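Below is one structure, written out as structure tokens; the observations come after it.
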Amino acid sequence: MKIKLICVGKLKEAYLRDAVAEYSKRLGRFCTLEVVELPDEKIPERASQAQMEKVIATEGERIAKHIGAGEFVVPMCIEGKQLASEQFAKTLAEVTLRGMSTVTFIIGGSLGIADHIKKQGDFKLSLSAMTLPHQLARVVLLEQIYRAFKINAGQEYHK
């Protein structure tokens with residue numbers, strides 16, 4: 001299985017880059033991991049609604065270029081479904097059983113993900129009802145993907 005993360009924005013803090021590197025290494029036993037980092041658009045101070053929509057649209061165009069045909073697409077968004085780790089593991093296992101070899105998770109920029117990208121999604125996922133910084137969301141998502149693979153492999157992982 002291949003896991004692809006399409007992320008808007010770079011990881012700025014070393015501790016977050018280290019955490020991503022650690023989970024990337026751990027995931028290497030279970031899947032191929034590809035992380036696509038896209039530049040985020042600059043948001044003007046006191047941006048108008050039209051300016052914010054333009055930022056979201058531009059980032060959406062960049063994201064769309066990296067979604068391949070036949071991928072199971074999972075936009076990370078506030079209106080997505082929240083799952084317990086065991087449910088998330090089951091969802092990943094079901095995707096594999098359906099014959100889909102690539103699962104693509106999308107973490108948008110600070111203003112969110114364009115509607116046309118969300119509509120392209122096969123399953124909308126939310127990590128929490130709380131707002132997380134996008135950089136931290138990447139670490140949390142990778143940890144949950146790793147946990148899901150451990151659960152599905154019948155290996156022990158702390159609760």
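By order of appearance in the structure tokens: chains A, B, ..., then residues from 1 within every chain, and ligands from 1 in the order shown.
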*asked:* Set the distance at 10 Å and use only C-alpha atoms: which residues neighbour Arg26 (chain A) once local chain neighbours fewer than 5 positions away are removed? I'd like the list as a list in words.
replied: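 The residues satisfying every condition are Val20, Ala21, Cys31, Leu142, Glu143 and Tyr146 of chain A.
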Would you output that residue set with N, CA, C and O atoms, as a PDB file, in the first residue's frame?
```pdb
ATOM      1  N   VAL A  20       7.924  13.955  12.117  1.00  0.00           N
ATOM      2  CA  VAL A  20       7.515  13.433  10.807  1.00  0.00           C
ATOM      3  C   VAL A  20       8.535  12.415  10.314  1.00  0.00           C
ATOM      4  O   VAL A  20       8.172  11.348   9.801  1.00  0.00           O
ATOM      5  N   ALA A  21       9.807  12.715  10.494  1.00  0.00           N
ATOM      6  CA  ALA A  21      10.863  11.783  10.066  1.00  0.00           C
ATOM      7  C   ALA A  21      10.765  10.469  10.828  1.00  0.00           C
ATOM      8  O   ALA A  21      10.929   9.386  10.240  1.00  0.00           O
ATOM      9  N   CYS A  31       4.250   0.400   4.612  1.00  0.00           N
ATOM     10  CA  CYS A  31       3.768   1.024   3.380  1.00  0.00           C
ATOM     11  C   CYS A  31       4.857   1.889   2.764  1.00  0.00           C
ATOM     12  O   CYS A  31       5.896   2.114   3.375  1.00  0.00           O
ATOM     13  N   LEU A 142       0.092  11.269  10.790  1.00  0.00           N
ATOM     14  CA  LEU A 142       1.082  10.207  10.562  1.00  0.00           C
ATOM     15  C   LEU A 142       1.109   9.220  11.726  1.00  0.00           C
ATOM     16  O   LEU A 142       1.215   8.010  11.513  1.00  0.00           O
ATOM     17  N   GLU A 143       0.981   9.731  12.946  1.00  0.00           N
ATOM     18  CA  GLU A 143       0.953   8.834  14.111  1.00  0.00           C
ATOM     19  C   GLU A 143      -0.262   7.929  14.038  1.00  0.00           C
ATOM     20  O   GLU A 143      -0.172   6.730  14.299  1.00  0.00           O
ATOM     21  N   TYR A 146       0.248   5.246  11.418  1.00  0.00           N
ATOM     22  CA  TYR A 146       1.148   4.226  11.967  1.00  0.00           C
ATOM     23  C   TYR A 146       0.399   3.325  12.952  1.00  0.00           C
ATOM     24  O   TYR A 146       0.479   2.098  12.879  1.00  0.00           O
TER      25      TYR A 146
END
```
With a distance cut-off of 9 Å and only C-alpha atoms, select the neighbouring residues of region 68-84 of chain A, excluding the residue or stretch itself and same-chain residues fewer than 2 positions from it, and output the selection as a short mmCIF file (atom, residue, chain, number, x, y, z; two decimals) with C-alpha atoms, in the first residue's frame.
```cif
data_model
loop_
_atom_site.label_atom_id
_atom_site.label_comp_id
_atom_site.auth_asym_id
_atom_site.auth_seq_id
_atom_site.Cartn_x
_atom_site.Cartn_y
_atom_site.Cartn_z
CA ALA A 64 -5.44 18.83 -7.69
CA LYS A 65 -2.26 18.39 -9.76
CA HIS A 66 -1.01 15.80 -7.26
CA GLU A 86 -9.71 1.27 15.78
CA GLN A 87 -12.35 2.61 13.37
CA PHE A 88 -9.67 4.42 11.40
CA ALA A 89 -7.64 1.19 11.17
CA VAL A 95 -9.81 0.48 1.38
CA MET A 100 -7.19 0.54 -3.88
CA SER A 101 -3.44 0.69 -3.50
CA THR A 102 -2.95 4.42 -2.81
CA VAL A 103 -4.60 6.41 -0.05
CA THR A 104 -4.07 10.16 -0.41
CA PHE A 105 -4.62 12.40 2.60
CA ILE A 106 -4.91 16.13 2.02
CA ILE A 107 -4.05 18.75 4.62
CA GLY A 108 -4.96 22.18 3.30
CA GLY A 112 -8.93 25.16 4.54
CA ILE A 113 -9.42 23.09 1.39
CA ILE A 117 -11.10 19.07 -3.67
CA LYS A 118 -13.43 18.08 -0.84
CA LYS A 119 -16.00 16.87 -3.38
CA GLN A 120 -13.30 14.76 -5.03
CA GLY A 121 -12.76 13.03 -1.71
CA ASP A 122 -13.88 9.48 -1.06
CA PHE A 123 -13.96 10.00 2.70
CA LYS A 124 -13.73 13.25 4.66
CA LEU A 125 -11.80 12.92 7.91
CA SER A 126 -11.44 15.21 10.92
CA LEU A 127 -8.78 14.61 13.54
CA SER A 128 -10.61 16.58 16.20
CA ALA A 129 -13.38 19.08 16.82
CA MET A 130 -10.57 21.27 18.10
CA THR A 131 -8.55 23.38 15.70
#
```
Got a sec to tell me which of region 5-64 of chain A DSSP assigns to alpha helix (DSSP H), as an NGL selection string? :A and (14-27 or 49-64)
With distances taken over only C-alpha atoms, which of A:Arg29, A:Glu37, A:Asp115, A:Ala153 is nearest to Arg138 (chain A)?
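Looking at the shortest contact to Arg138 (chain A), the residue is A:Glu37.
When only C-alpha atoms are used to measure the gap to Lys4 (chain A), the shortest distance among A:Glu34, A:Glu45, A:Asp40, A:Glu61 belongs to A:Glu34.
For the residues A:Ile145, A:Val140, A:Cys7, A:Ala14, ranking by smallest atom-to-atom distance to Glu59 (chain A) using only C-alpha atoms places A:Cys7 first.
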Using only C-alpha atoms, tabulate the residues of region 36-80 of chain A lying at most 10 Å from any atom of region 8-13 of chain A, each with its closest atom pair and that distance in Å to one decimal, by chain and increasing residue number, as JSON lines.
```
{"residue": "A:Val36", "atom": "CA", "partner": "A:Val8", "partner_atom": "CA", "distance": 8.4}
{"residue": "A:Glu37", "atom": "CA", "partner": "A:Val8", "partner_atom": "CA", "distance": 5.9}
{"residue": "A:Leu38", "atom": "CA", "partner": "A:Val8", "partner_atom": "CA", "distance": 4.7}
{"residue": "A:Pro39", "atom": "CA", "partner": "A:Gly9", "partner_atom": "CA", "distance": 5.2}
{"residue": "A:Asp40", "atom": "CA", "partner": "A:Gly9", "partner_atom": "CA", "distance": 4.9}
{"residue": "A:Glu41", "atom": "CA", "partner": "A:Gly9", "partner_atom": "CA", "distance": 8.6}
{"residue": "A:Glu59", "atom": "CA", "partner": "A:Val8", "partner_atom": "CA", "distance": 7.4}
{"residue": "A:Gly60", "atom": "CA", "partner": "A:Val8", "partner_atom": "CA", "distance": 9.4}
{"residue": "A:Arg62", "atom": "CA", "partner": "A:Val8", "partner_atom": "CA", "distance": 8.9}
{"residue": "A:Ile63", "atom": "CA", "partner": "A:Val8", "partner_atom": "CA", "distance": 8.0}
```
Please, could you write that set of residues out with C-alpha atoms as a PDB file, in the first residue's frame?
```
ATOM      1  CA  VAL A  36       4.096  16.247  -1.095  1.00  0.00           C
ATOM      2  CA  GLU A  37       4.686  19.701   0.373  1.00  0.00           C
ATOM      3  CA  LEU A  38       3.071  22.510  -1.578  1.00  0.00           C
ATOM      4  CA  PRO A  39       3.710  26.216  -1.030  1.00  0.00           C
ATOM      5  CA  ASP A  40       1.031  28.099   0.811  1.00  0.00           C
ATOM      6  CA  GLU A  41      -0.325  31.341  -0.570  1.00  0.00           C
ATOM      7  CA  GLU A  59      -3.993  26.151  -3.247  1.00  0.00           C
ATOM      8  CA  GLY A  60      -6.764  23.851  -4.528  1.00  0.00           C
ATOM      9  CA  ARG A  62      -1.920  22.993  -6.695  1.00  0.00           C
ATOM     10  CA  ILE A  63      -3.430  20.115  -4.710  1.00  0.00           C
TER      11      ILE A  63
END
```
task = From a DSSP pass on the backbone, collect the residues of chain A flagged as strand (DSSP E or B) and hand them back as a PyMOL selection string.
result = chain A and resi 2-8+32-38+72-81+102-107+109+112+125
